[in-house]
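Engineer: Dropping in final17.cif, which is mmCIF, N, CA and C atoms:
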```
data_protein
loop_
_atom_site.group_PDB
_atom_site.id
_atom_site.type_symbol
_atom_site.label_atom_id
_atom_site.label_comp_id
_atom_site.auth_asym_id
_atom_site.auth_seq_id
_atom_site.Cartn_x
_atom_site.Cartn_y
_atom_site.Cartn_z
ATOM 1 N N MET A 70 -15.863 31.850 -13.124
ATOM 2 C CA MET A 70 -14.687 31.489 -12.351
ATOM 3 C C MET A 70 -14.929 30.141 -11.673
ATOM 4 N N ALA A 71 -14.025 29.214 -11.871
ATOM 5 C CA ALA A 71 -14.162 27.883 -11.275
ATOM 6 C C ALA A 71 -13.532 27.868 -9.885
ATOM 7 N N TRP A 72 -14.294 27.415 -8.939
ATOM 8 C CA TRP A 72 -13.786 27.329 -7.570
ATOM 9 C C TRP A 72 -13.014 26.041 -7.352
ATOM 10 N N PHE A 73 -13.480 24.990 -7.958
ATOM 11 C CA PHE A 73 -12.845 23.688 -7.772
ATOM 12 C C PHE A 73 -12.441 23.147 -9.133
ATOM 13 N N ARG A 74 -11.259 22.632 -9.188
ATOM 14 C CA ARG A 74 -10.777 22.026 -10.422
ATOM 15 C C ARG A 74 -10.189 20.669 -10.115
ATOM 16 N N ARG A 75 -10.428 19.766 -11.006
ATOM 17 C CA ARG A 75 -9.808 18.449 -10.885
ATOM 18 C C ARG A 75 -8.398 18.534 -11.407
ATOM 19 N N ARG A 76 -7.523 17.806 -10.766
ATOM 20 C CA ARG A 76 -6.134 17.783 -11.218
ATOM 21 C C ARG A 76 -5.961 16.952 -12.473
ATOM 22 N N SER A 77 -6.753 15.899 -12.586
ATOM 23 C CA SER A 77 -6.703 15.091 -13.798
ATOM 24 C C SER A 77 -8.083 14.510 -14.043
ATOM 25 N N ALA A 78 -8.321 14.162 -15.267
ATOM 26 C CA ALA A 78 -9.620 13.593 -15.626
ATOM 27 C C ALA A 78 -9.769 12.213 -15.019
ATOM 28 N N PRO A 79 -10.993 11.793 -14.723
ATOM 29 C CA PRO A 79 -11.180 10.447 -14.175
ATOM 30 C C PRO A 79 -10.617 9.395 -15.117
ATOM 31 N N GLY A 80 -9.977 8.401 -14.536
ATOM 32 C CA GLY A 80 -9.435 7.316 -15.333
ATOM 33 C C GLY A 80 -8.060 7.581 -15.917
ATOM 34 N N VAL A 81 -7.523 8.787 -15.745
ATOM 35 C CA VAL A 81 -6.196 9.101 -16.268
ATOM 36 C C VAL A 81 -5.161 8.490 -15.341
ATOM 37 N N ARG A 82 -4.207 7.772 -15.906
ATOM 38 C CA ARG A 82 -3.179 7.123 -15.092
ATOM 39 C C ARG A 82 -2.217 8.146 -14.528
ATOM 40 N N HIS A 83 -1.676 7.835 -13.396
ATOM 41 C CA HIS A 83 -0.738 8.724 -12.736
ATOM 42 C C HIS A 83 0.608 8.714 -13.451
ATOM 43 N N ASP A 84 1.439 9.612 -13.049
ATOM 44 C CA ASP A 84 2.774 9.757 -13.593
ATOM 45 C C ASP A 84 3.497 8.404 -13.608
ATOM 46 N N LYS A 85 3.948 8.006 -14.773
ATOM 47 C CA LYS A 85 4.593 6.691 -14.936
ATOM 48 C C LYS A 85 5.858 6.560 -14.082
ATOM 49 N N GLU A 86 6.615 7.631 -13.944
ATOM 50 C CA GLU A 86 7.837 7.579 -13.134
ATOM 51 C C GLU A 86 7.488 7.357 -11.663
ATOM 52 N N ALA A 87 6.465 8.020 -11.179
ATOM 53 C CA ALA A 87 6.035 7.836 -9.791
ATOM 54 C C ALA A 87 5.529 6.409 -9.598
ATOM 55 N N GLU A 88 4.825 5.898 -10.589
ATOM 56 C CA GLU A 88 4.316 4.526 -10.529
ATOM 57 C C GLU A 88 5.474 3.528 -10.459
ATOM 58 N N LYS A 89 6.492 3.734 -11.298
ATOM 59 C CA LYS A 89 7.673 2.865 -11.285
ATOM 60 C C LYS A 89 8.375 2.922 -9.938
ATOM 61 N N ALA A 90 8.521 4.126 -9.412
ATOM 62 C CA ALA A 90 9.192 4.298 -8.118
ATOM 63 C C ALA A 90 8.405 3.606 -7.009
ATOM 64 N N GLY A 91 7.094 3.692 -7.073
ATOM 65 C CA GLY A 91 6.259 3.029 -6.076
ATOM 66 C C GLY A 91 6.428 1.522 -6.107
ATOM 67 N N PHE A 92 6.386 0.939 -7.295
ATOM 68 C CA PHE A 92 6.572 -0.501 -7.412
ATOM 69 C C PHE A 92 7.993 -0.916 -7.042
ATOM 70 N N ALA A 93 8.992 -0.082 -7.353
ATOM 71 C CA ALA A 93 10.375 -0.386 -6.963
ATOM 72 C C ALA A 93 10.484 -0.424 -5.435
ATOM 73 N N HIS A 94 9.835 0.507 -4.757
ATOM 74 C CA HIS A 94 9.839 0.527 -3.294
ATOM 75 C C HIS A 94 9.185 -0.740 -2.741
ATOM 76 N N LEU A 95 8.039 -1.105 -3.297
ATOM 77 C CA LEU A 95 7.339 -2.302 -2.845
ATOM 78 C C LEU A 95 8.186 -3.550 -3.071
ATOM 79 N N GLU A 96 8.821 -3.626 -4.230
ATOM 80 C CA GLU A 96 9.661 -4.783 -4.551
ATOM 81 C C GLU A 96 10.827 -4.883 -3.567
ATOM 82 N N HIS A 97 11.451 -3.751 -3.269
ATOM 83 C CA HIS A 97 12.564 -3.735 -2.307
ATOM 84 C C HIS A 97 12.082 -4.199 -0.928
ATOM 85 N N PHE A 98 10.909 -3.774 -0.518
ATOM 86 C CA PHE A 98 10.357 -4.179 0.770
ATOM 87 C C PHE A 98 10.201 -5.701 0.810
ATOM 88 N N VAL A 99 9.634 -6.267 -0.242
ATOM 89 C CA VAL A 99 9.434 -7.719 -0.301
ATOM 90 C C VAL A 99 10.774 -8.453 -0.253
ATOM 91 N N GLN A 100 11.755 -7.944 -0.967
ATOM 92 C CA GLN A 100 13.047 -8.612 -1.061
ATOM 93 C C GLN A 100 13.869 -8.507 0.224
ATOM 94 N N THR A 101 13.590 -7.536 1.059
ATOM 95 C CA THR A 101 14.397 -7.309 2.263
ATOM 96 C C THR A 101 13.671 -7.662 3.556
ATOM 97 N N ARG A 102 12.472 -8.201 3.465
ATOM 98 C CA ARG A 102 11.706 -8.633 4.642
ATOM 99 C C ARG A 102 11.257 -10.064 4.405
ATOM 100 N N ARG A 103 10.844 -10.724 5.463
ATOM 101 C CA ARG A 103 10.310 -12.070 5.273
ATOM 102 C C ARG A 103 8.852 -12.106 5.697
ATOM 103 N N GLY A 104 8.133 -13.075 5.137
ATOM 104 C CA GLY A 104 6.734 -13.252 5.479
ATOM 105 C C GLY A 104 5.829 -12.122 5.036
ATOM 106 N N VAL A 105 6.152 -11.479 3.923
ATOM 107 C CA VAL A 105 5.384 -10.310 3.473
ATOM 108 C C VAL A 105 4.072 -10.748 2.814
ATOM 109 N N GLU A 106 3.014 -10.039 3.172
ATOM 110 C CA GLU A 106 1.702 -10.219 2.556
ATOM 111 C C GLU A 106 1.217 -8.855 2.086
ATOM 112 N N ALA A 107 0.403 -8.850 1.035
ATOM 113 C CA ALA A 107 -0.129 -7.609 0.478
ATOM 114 C C ALA A 107 -1.609 -7.485 0.820
ATOM 115 N N PHE A 108 -2.024 -6.265 1.143
ATOM 116 C CA PHE A 108 -3.415 -5.971 1.460
ATOM 117 C C PHE A 108 -3.875 -4.808 0.582
ATOM 118 N N LEU A 109 -4.869 -5.071 -0.245
ATOM 119 C CA LEU A 109 -5.392 -4.061 -1.159
ATOM 120 C C LEU A 109 -6.373 -3.143 -0.435
ATOM 121 N N GLU A 110 -6.181 -1.855 -0.614
ATOM 122 C CA GLU A 110 -7.099 -0.861 -0.069
ATOM 123 C C GLU A 110 -7.841 -0.216 -1.236
ATOM 124 N N PRO A 111 -9.153 -0.154 -1.164
ATOM 125 C CA PRO A 111 -9.925 0.374 -2.294
ATOM 126 C C PRO A 111 -9.775 1.878 -2.463
ATOM 127 N N LYS A 112 -10.043 2.321 -3.656
ATOM 128 C CA LYS A 112 -10.077 3.748 -3.958
ATOM 129 C C LYS A 112 -11.241 4.369 -3.199
ATOM 130 N N THR A 113 -11.009 5.554 -2.641
ATOM 131 C CA THR A 113 -12.068 6.284 -1.949
ATOM 132 C C THR A 113 -12.174 7.675 -2.564
ATOM 133 N N THR A 114 -13.029 8.490 -2.022
ATOM 134 C CA THR A 114 -13.135 9.863 -2.517
ATOM 135 C C THR A 114 -11.904 10.682 -2.156
ATOM 136 N N VAL A 115 -11.127 10.204 -1.195
ATOM 137 C CA VAL A 115 -9.954 10.937 -0.725
ATOM 138 C C VAL A 115 -8.642 10.353 -1.247
ATOM 139 N N THR A 116 -8.572 9.023 -1.378
ATOM 140 C CA THR A 116 -7.325 8.379 -1.782
ATOM 141 C C THR A 116 -7.528 7.481 -2.994
ATOM 142 N N GLU A 117 -6.445 7.237 -3.685
ATOM 143 C CA GLU A 117 -6.449 6.310 -4.811
ATOM 144 C C GLU A 117 -6.328 4.883 -4.272
ATOM 145 N N THR A 118 -6.379 3.910 -5.150
ATOM 146 C CA THR A 118 -6.168 2.522 -4.763
ATOM 147 C C THR A 118 -4.742 2.378 -4.248
ATOM 148 N N THR A 119 -4.592 1.717 -3.098
ATOM 149 C CA THR A 119 -3.273 1.528 -2.507
ATOM 150 C C THR A 119 -3.094 0.071 -2.115
ATOM 151 N N VAL A 120 -1.837 -0.301 -1.917
ATOM 152 C CA VAL A 120 -1.512 -1.622 -1.405
ATOM 153 C C VAL A 120 -0.613 -1.429 -0.184
ATOM 154 N N VAL A 121 -0.902 -2.173 0.860
ATOM 155 C CA VAL A 121 -0.089 -2.172 2.071
ATOM 156 C C VAL A 121 0.628 -3.511 2.124
ATOM 157 N N LEU A 122 1.951 -3.464 2.240
ATOM 158 C CA LEU A 122 2.732 -4.680 2.432
ATOM 159 C C LEU A 122 3.055 -4.787 3.910
ATOM 160 N N ILE A 123 2.827 -5.975 4.476
ATOM 161 C CA ILE A 123 3.065 -6.185 5.903
ATOM 162 C C ILE A 123 3.979 -7.394 6.068
ATOM 163 N N ALA A 124 5.104 -7.171 6.752
ATOM 164 C CA ALA A 124 6.085 -8.227 6.985
ATOM 165 C C ALA A 124 5.686 -9.079 8.188
ATOM 166 N N HIS A 125 6.450 -10.133 8.438
ATOM 167 C CA HIS A 125 6.148 -11.076 9.519
ATOM 168 C C HIS A 125 6.078 -10.409 10.889
ATOM 169 N N ASP A 126 6.869 -9.349 11.095
ATOM 170 C CA ASP A 126 6.922 -8.688 12.396
ATOM 171 C C ASP A 126 5.953 -7.508 12.501
ATOM 172 N N GLY A 127 5.165 -7.280 11.458
ATOM 173 C CA GLY A 127 4.193 -6.194 11.468
ATOM 174 C C GLY A 127 4.674 -4.916 10.811
ATOM 175 N N GLU A 128 5.968 -4.838 10.477
ATOM 176 C CA GLU A 128 6.466 -3.666 9.761
ATOM 177 C C GLU A 128 5.691 -3.562 8.452
ATOM 178 N N TRP A 129 5.349 -2.337 8.070
ATOM 179 C CA TRP A 129 4.519 -2.189 6.882
ATOM 180 C C TRP A 129 4.916 -0.963 6.076
ATOM 181 N N THR A 130 4.457 -0.967 4.831
ATOM 182 C CA THR A 130 4.628 0.176 3.943
ATOM 183 C C THR A 130 3.418 0.241 3.026
ATOM 184 N N ARG A 131 3.114 1.426 2.545
ATOM 185 C CA ARG A 131 1.941 1.624 1.679
ATOM 186 C C ARG A 131 2.354 2.456 0.467
ATOM 187 N N ARG A 132 1.835 2.062 -0.685
ATOM 188 C CA ARG A 132 2.055 2.835 -1.909
ATOM 189 C C ARG A 132 0.799 2.783 -2.771
ATOM 190 N N ARG A 133 0.624 3.823 -3.549
ATOM 191 C CA ARG A 133 -0.480 3.889 -4.504
ATOM 192 C C ARG A 133 -0.178 2.953 -5.670
ATOM 193 N N VAL A 134 -1.228 2.308 -6.176
ATOM 194 C CA VAL A 134 -1.114 1.432 -7.345
ATOM 195 C C VAL A 134 -2.194 1.848 -8.343
ATOM 196 N N PRO A 135 -1.997 1.541 -9.619
ATOM 197 C CA PRO A 135 -2.981 1.959 -10.626
ATOM 198 C C PRO A 135 -4.375 1.365 -10.393
ATOM 199 N N ASP A 136 -4.409 0.078 -9.997
ATOM 200 C CA ASP A 136 -5.695 -0.584 -9.784
ATOM 201 C C ASP A 136 -5.446 -1.927 -9.110
ATOM 202 N N HIS A 137 -6.539 -2.615 -8.785
ATOM 203 C CA HIS A 137 -6.424 -3.910 -8.107
ATOM 204 C C HIS A 137 -5.699 -4.933 -8.972
ATOM 205 N N GLY A 138 -5.935 -4.898 -10.270
ATOM 206 C CA GLY A 138 -5.272 -5.841 -11.178
ATOM 207 C C GLY A 138 -3.763 -5.702 -11.146
ATOM 208 N N ALA A 139 -3.283 -4.478 -11.129
ATOM 209 C CA ALA A 139 -1.837 -4.237 -11.080
ATOM 210 C C ALA A 139 -1.252 -4.734 -9.765
ATOM 211 N N ALA A 140 -1.982 -4.542 -8.671
ATOM 212 C CA ALA A 140 -1.508 -5.008 -7.364
ATOM 213 C C ALA A 140 -1.469 -6.536 -7.318
ATOM 214 N N ARG A 141 -2.502 -7.173 -7.867
ATOM 215 C CA ARG A 141 -2.529 -8.636 -7.879
ATOM 216 C C ARG A 141 -1.416 -9.199 -8.781
ATOM 217 N N ALA A 142 -1.163 -8.545 -9.903
ATOM 218 C CA ALA A 142 -0.074 -8.975 -10.786
ATOM 219 C C ALA A 142 1.267 -8.834 -10.069
ATOM 220 N N PHE A 143 1.440 -7.757 -9.322
ATOM 221 C CA PHE A 143 2.666 -7.567 -8.538
ATOM 222 C C PHE A 143 2.814 -8.700 -7.523
ATOM 223 N N GLY A 144 1.748 -9.014 -6.805
ATOM 224 C CA GLY A 144 1.786 -10.102 -5.826
ATOM 225 C C GLY A 144 2.150 -11.424 -6.462
ATOM 226 N N ASN A 145 1.563 -11.712 -7.609
ATOM 227 C CA ASN A 145 1.883 -12.949 -8.330
ATOM 228 C C ASN A 145 3.345 -12.995 -8.743
ATOM 229 N N ARG A 146 3.825 -11.861 -9.253
ATOM 230 C CA ARG A 146 5.225 -11.788 -9.704
ATOM 231 C C ARG A 146 6.191 -11.972 -8.543
ATOM 232 N N MET A 147 5.834 -11.422 -7.377
ATOM 233 C CA MET A 147 6.709 -11.499 -6.210
ATOM 234 C C MET A 147 6.477 -12.774 -5.390
ATOM 235 N N GLY A 148 5.426 -13.513 -5.712
ATOM 236 C CA GLY A 148 5.149 -14.748 -4.991
ATOM 237 C C GLY A 148 4.609 -14.527 -3.588
ATOM 238 N N ILE A 149 3.814 -13.460 -3.403
ATOM 239 C CA ILE A 149 3.239 -13.176 -2.085
ATOM 240 C C ILE A 149 1.719 -13.177 -2.190
ATOM 241 N N PRO A 150 1.046 -13.519 -1.100
ATOM 242 C CA PRO A 150 -0.416 -13.500 -1.130
ATOM 243 C C PRO A 150 -0.944 -12.073 -1.144
ATOM 244 N N VAL A 151 -2.084 -11.887 -1.785
ATOM 245 C CA VAL A 151 -2.728 -10.579 -1.872
ATOM 246 C C VAL A 151 -4.149 -10.727 -1.339
ATOM 247 N N TYR A 152 -4.479 -9.914 -0.335
ATOM 248 C CA TYR A 152 -5.792 -9.959 0.293
ATOM 249 C C TYR A 152 -6.522 -8.641 0.092
ATOM 250 N N ASP A 153 -7.828 -8.690 0.080
ATOM 251 C CA ASP A 153 -8.654 -7.492 0.025
ATOM 252 C C ASP A 153 -8.929 -7.066 1.460
ATOM 253 N N VAL A 154 -8.384 -5.923 1.862
ATOM 254 C CA VAL A 154 -8.494 -5.485 3.252
ATOM 255 C C VAL A 154 -9.950 -5.253 3.665
ATOM 256 N N ALA A 155 -10.820 -4.950 2.718
ATOM 257 C CA ALA A 155 -12.236 -4.760 3.038
ATOM 258 C C ALA A 155 -12.888 -6.076 3.459
ATOM 259 N N LEU A 156 -12.314 -7.189 3.031
ATOM 260 C CA LEU A 156 -12.861 -8.503 3.384
ATOM 261 C C LEU A 156 -12.202 -9.114 4.611
ATOM 262 N N VAL A 157 -10.877 -8.949 4.743
ATOM 263 C CA VAL A 157 -10.152 -9.634 5.814
ATOM 264 C C VAL A 157 -9.639 -8.717 6.911
ATOM 265 N N GLY A 158 -9.619 -7.406 6.679
ATOM 266 C CA GLY A 158 -9.069 -6.479 7.670
ATOM 267 C C GLY A 158 -7.546 -6.535 7.696
ATOM 268 N N TYR A 159 -6.968 -5.764 8.641
ATOM 269 C CA TYR A 159 -5.517 -5.747 8.807
ATOM 270 C C TYR A 159 -5.116 -6.767 9.861
ATOM 271 N N PRO A 160 -3.962 -7.403 9.705
ATOM 272 C CA PRO A 160 -3.542 -8.399 10.694
ATOM 273 C C PRO A 160 -3.145 -7.741 12.020
ATOM 274 N N GLN A 161 -3.321 -8.474 13.098
ATOM 275 C CA GLN A 161 -2.990 -7.972 14.430
ATOM 276 C C GLN A 161 -1.525 -7.560 14.528
ATOM 277 N N ARG A 162 -0.649 -8.259 13.814
ATOM 278 C CA ARG A 162 0.776 -7.933 13.914
ATOM 279 C C ARG A 162 1.068 -6.508 13.465
ATOM 280 N N MET A 163 0.264 -5.972 12.544
ATOM 281 C CA MET A 163 0.442 -4.580 12.110
ATOM 282 C C MET A 163 0.082 -3.628 13.249
ATOM 283 N N ARG A 164 -1.027 -3.891 13.926
ATOM 284 C CA ARG A 164 -1.430 -3.046 15.054
ATOM 285 C C ARG A 164 -0.400 -3.133 16.182
ATOM 286 N N ASP A 165 0.117 -4.336 16.426
ATOM 287 C CA ASP A 165 1.139 -4.506 17.459
ATOM 288 C C ASP A 165 2.399 -3.720 17.111
ATOM 289 N N PHE A 166 2.812 -3.767 15.846
ATOM 290 C CA PHE A 166 3.984 -3.025 15.390
ATOM 291 C C PHE A 166 3.778 -1.525 15.597
ATOM 292 N N ASN A 167 2.604 -1.026 15.220
ATOM 293 C CA ASN A 167 2.314 0.403 15.396
ATOM 294 C C ASN A 167 2.354 0.793 16.867
ATOM 295 N N GLU A 168 1.853 -0.061 17.732
ATOM 296 C CA GLU A 168 1.877 0.215 19.172
ATOM 297 C C GLU A 168 3.314 0.240 19.701
ATOM 298 N N ARG A 169 4.135 -0.702 19.256
ATOM 299 C CA ARG A 169 5.550 -0.707 19.673
ATOM 300 C C ARG A 169 6.249 0.563 19.216
ATOM 301 N N ARG A 170 5.988 0.993 17.983
ATOM 302 C CA ARG A 170 6.607 2.230 17.463
ATOM 303 C C ARG A 170 6.159 3.426 18.274
ATOM 304 N N LYS A 171 4.874 3.451 18.607
ATOM 305 C CA LYS A 171 4.349 4.568 19.384
ATOM 306 C C LYS A 171 5.045 4.668 20.738
ATOM 307 N N ARG A 172 5.368 3.525 21.307
ATOM 308 C CA ARG A 172 6.040 3.490 22.610
ATOM 309 C C ARG A 172 7.556 3.608 22.491
ATOM 310 N N GLY A 173 8.059 3.619 21.252
ATOM 311 C CA GLY A 173 9.491 3.780 21.032
ATOM 312 C C GLY A 173 10.292 2.508 21.103
ATOM 313 N N HIS A 174 9.645 1.374 20.862
ATOM 314 C CA HIS A 174 10.321 0.071 20.913
ATOM 315 C C HIS A 174 10.271 -0.651 19.578
ATOM 316 N N SER A 175 10.537 0.039 18.476
ATOM 317 C CA SER A 175 10.451 -0.599 17.164
ATOM 318 C C SER A 175 11.490 -1.651 17.048
#
```
Go ahead and express the file in the form of structure tokens.
Structural biologist:
Amino acid sequence: MAWFRRRSAPGVRHDKEAEKAGFAHLEHFVQTRRGVEAFLEPKTTVTETTVVLIAHDGEWTRRRVPDHGAARAFGNRMGIPVYDVALVGYPQRMRDFNERRKRGHS
């Protein structure tokens, strides 16, 4: 009897429809905000590779992406910079935005 089972084999791509929906959401965010930058988050034992988009005012959104290459290609296509969050960290404006939301002043 197996106690733990993997949902999918390593390296298997996620549902294509979910992937399309994720990129559509990211594209809409870029098109409806200004000053958007992308921050790549590495795959961990708990989460898949993700990208966080952060607008000029600190508003942000996060979605799973297949890999760093796909995120960088998205950034190139949308004309936005893409940073590795492990190297540069998150911008202060994101923390400020989260603090404003916490206080109810979004």
Engineer: Got a sec to resolve the PyMOL selection byres ((chain A and resi 148-151) around 7) on this structure and send the residues as a PyMOL selection string?
Structural biologist: chain A and resi 105-109+140-141+143-147+152-153
Engineer: Next, the residues of the selection above should be written as an mmCIF file, in the frame of the given file with N, CA and C atoms.
Structural biologist:
```
data_model
loop_
_atom_site.group_PDB
_atom_site.id
_atom_site.type_symbol
_atom_site.label_atom_id
_atom_site.label_comp_id
_atom_site.auth_asym_id
_atom_site.auth_seq_id
_atom_site.Cartn_x
_atom_site.Cartn_y
_atom_site.Cartn_z
ATOM 1 N N VAL A 105 6.152 -11.479 3.923
ATOM 2 C CA VAL A 105 5.384 -10.310 3.473
ATOM 3 C C VAL A 105 4.072 -10.748 2.814
ATOM 4 N N GLU A 106 3.014 -10.039 3.172
ATOM 5 C CA GLU A 106 1.702 -10.219 2.556
ATOM 6 C C GLU A 106 1.217 -8.855 2.086
ATOM 7 N N ALA A 107 0.403 -8.850 1.035
ATOM 8 C CA ALA A 107 -0.129 -7.609 0.478
ATOM 9 C C ALA A 107 -1.609 -7.485 0.820
ATOM 10 N N PHE A 108 -2.024 -6.265 1.143
ATOM 11 C CA PHE A 108 -3.415 -5.971 1.460
ATOM 12 C C PHE A 108 -3.875 -4.808 0.582
ATOM 13 N N LEU A 109 -4.869 -5.071 -0.245
ATOM 14 C CA LEU A 109 -5.392 -4.061 -1.159
ATOM 15 C C LEU A 109 -6.373 -3.143 -0.435
ATOM 16 N N ALA A 140 -1.982 -4.542 -8.671
ATOM 17 C CA ALA A 140 -1.508 -5.008 -7.364
ATOM 18 C C ALA A 140 -1.469 -6.536 -7.318
ATOM 19 N N ARG A 141 -2.502 -7.173 -7.867
ATOM 20 C CA ARG A 141 -2.529 -8.636 -7.879
ATOM 21 C C ARG A 141 -1.416 -9.199 -8.781
ATOM 22 N N PHE A 143 1.440 -7.757 -9.322
ATOM 23 C CA PHE A 143 2.666 -7.567 -8.538
ATOM 24 C C PHE A 143 2.814 -8.700 -7.523
ATOM 25 N N GLY A 144 1.748 -9.014 -6.805
ATOM 26 C CA GLY A 144 1.786 -10.102 -5.826
ATOM 27 C C GLY A 144 2.150 -11.424 -6.462
ATOM 28 N N ASN A 145 1.563 -11.712 -7.609
ATOM 29 C CA ASN A 145 1.883 -12.949 -8.330
ATOM 30 C C ASN A 145 3.345 -12.995 -8.743
ATOM 31 N N ARG A 146 3.825 -11.861 -9.253
ATOM 32 C CA ARG A 146 5.225 -11.788 -9.704
ATOM 33 C C ARG A 146 6.191 -11.972 -8.543
ATOM 34 N N MET A 147 5.834 -11.422 -7.377
ATOM 35 C CA MET A 147 6.709 -11.499 -6.210
ATOM 36 C C MET A 147 6.477 -12.774 -5.390
ATOM 37 N N TYR A 152 -4.479 -9.914 -0.335
ATOM 38 C CA TYR A 152 -5.792 -9.959 0.293
ATOM 39 C C TYR A 152 -6.522 -8.641 0.092
ATOM 40 N N ASP A 153 -7.828 -8.690 0.080
ATOM 41 C CA ASP A 153 -8.654 -7.492 0.025
ATOM 42 C C ASP A 153 -8.929 -7.066 1.460
#
```
Engineer: What is the atom C of Ala124 (chain A)-atom N of Ala87 (chain A) distance in Å, reported with one decimal?
Structural biologist: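 Going from atom C of Ala124 (chain A) over to atom N of Ala87 (chain A), I get 25.8 Å.
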Engineer: Determine which residues of chain A receive a DSSP assignment of alpha helix (DSSP H), computed from the backbone, and state them as a ChimeraX atom specification.
Structural biologist: /A:85-101,137-147,154-157,161-172
Engineer: Write out as a tab-separated table the residues of region 89-159 of chain A that have any atom within 8 Å of an atom of region 163-171 of chain A, one row each with the nearest atom pair and its distance in Å to one decimal, counting only N, CA and C atoms, sorted by chain and then rising number.
Structural biologist:
```
residue	atom	partner	partner_atom	distance
A:Ile123	CA	A:Met163	CA	6.9
A:Ala124	N	A:Met163	CA	7.6
A:His125	C	A:Met163	N	7.5
A:Asp126	C	A:Phe166	CA	5.7
A:Gly127	CA	A:Met163	N	4.1
A:Glu128	N	A:Phe166	CA	5.6
A:Trp129	N	A:Met163	CA	6.7
A:Tyr159	C	A:Met163	N	6.1
```
Engineer: Those same residues, written as a PDB file, in the coordinates of the input with N, CA and C atoms?
Structural biologist:
```
ATOM      1  N   ILE A 123       2.827  -5.975   4.476  1.00  0.00           N
ATOM      2  CA  ILE A 123       3.065  -6.185   5.903  1.00  0.00           C
ATOM      3  C   ILE A 123       3.979  -7.394   6.068  1.00  0.00           C
ATOM      4  N   ALA A 124       5.104  -7.171   6.752  1.00  0.00           N
ATOM      5  CA  ALA A 124       6.085  -8.227   6.985  1.00  0.00           C
ATOM      6  C   ALA A 124       5.686  -9.079   8.188  1.00  0.00           C
ATOM      7  N   HIS A 125       6.450 -10.133   8.438  1.00  0.00           N
ATOM      8  CA  HIS A 125       6.148 -11.076   9.519  1.00  0.00           C
ATOM      9  C   HIS A 125       6.078 -10.409  10.889  1.00  0.00           C
ATOM     10  N   ASP A 126       6.869  -9.349  11.095  1.00  0.00           N
ATOM     11  CA  ASP A 126       6.922  -8.688  12.396  1.00  0.00           C
ATOM     12  C   ASP A 126       5.953  -7.508  12.501  1.00  0.00           C
ATOM     13  N   GLY A 127       5.165  -7.280  11.458  1.00  0.00           N
ATOM     14  CA  GLY A 127       4.193  -6.194  11.468  1.00  0.00           C
ATOM     15  C   GLY A 127       4.674  -4.916  10.811  1.00  0.00           C
ATOM     16  N   GLU A 128       5.968  -4.838  10.477  1.00  0.00           N
ATOM     17  CA  GLU A 128       6.466  -3.666   9.761  1.00  0.00           C
ATOM     18  C   GLU A 128       5.691  -3.562   8.452  1.00  0.00           C
ATOM     19  N   TRP A 129       5.349  -2.337   8.070  1.00  0.00           N
ATOM     20  CA  TRP A 129       4.519  -2.189   6.882  1.00  0.00           C
ATOM     21  C   TRP A 129       4.916  -0.963   6.076  1.00  0.00           C
ATOM     22  N   TYR A 159      -6.968  -5.764   8.641  1.00  0.00           N
ATOM     23  CA  TYR A 159      -5.517  -5.747   8.807  1.00  0.00           C
ATOM     24  C   TYR A 159      -5.116  -6.767   9.861  1.00  0.00           C
TER      25      TYR A 159
END
```
Engineer: Run the PyMOL selection byres (((chain A and resi 89-98 and name CA) around 8) and name CA) against the file shown and list the residues it catches, as a VMD selection string.
Structural biologist: chain A and resid 85 to 88 99 to 102 122 130 132 to 134 147
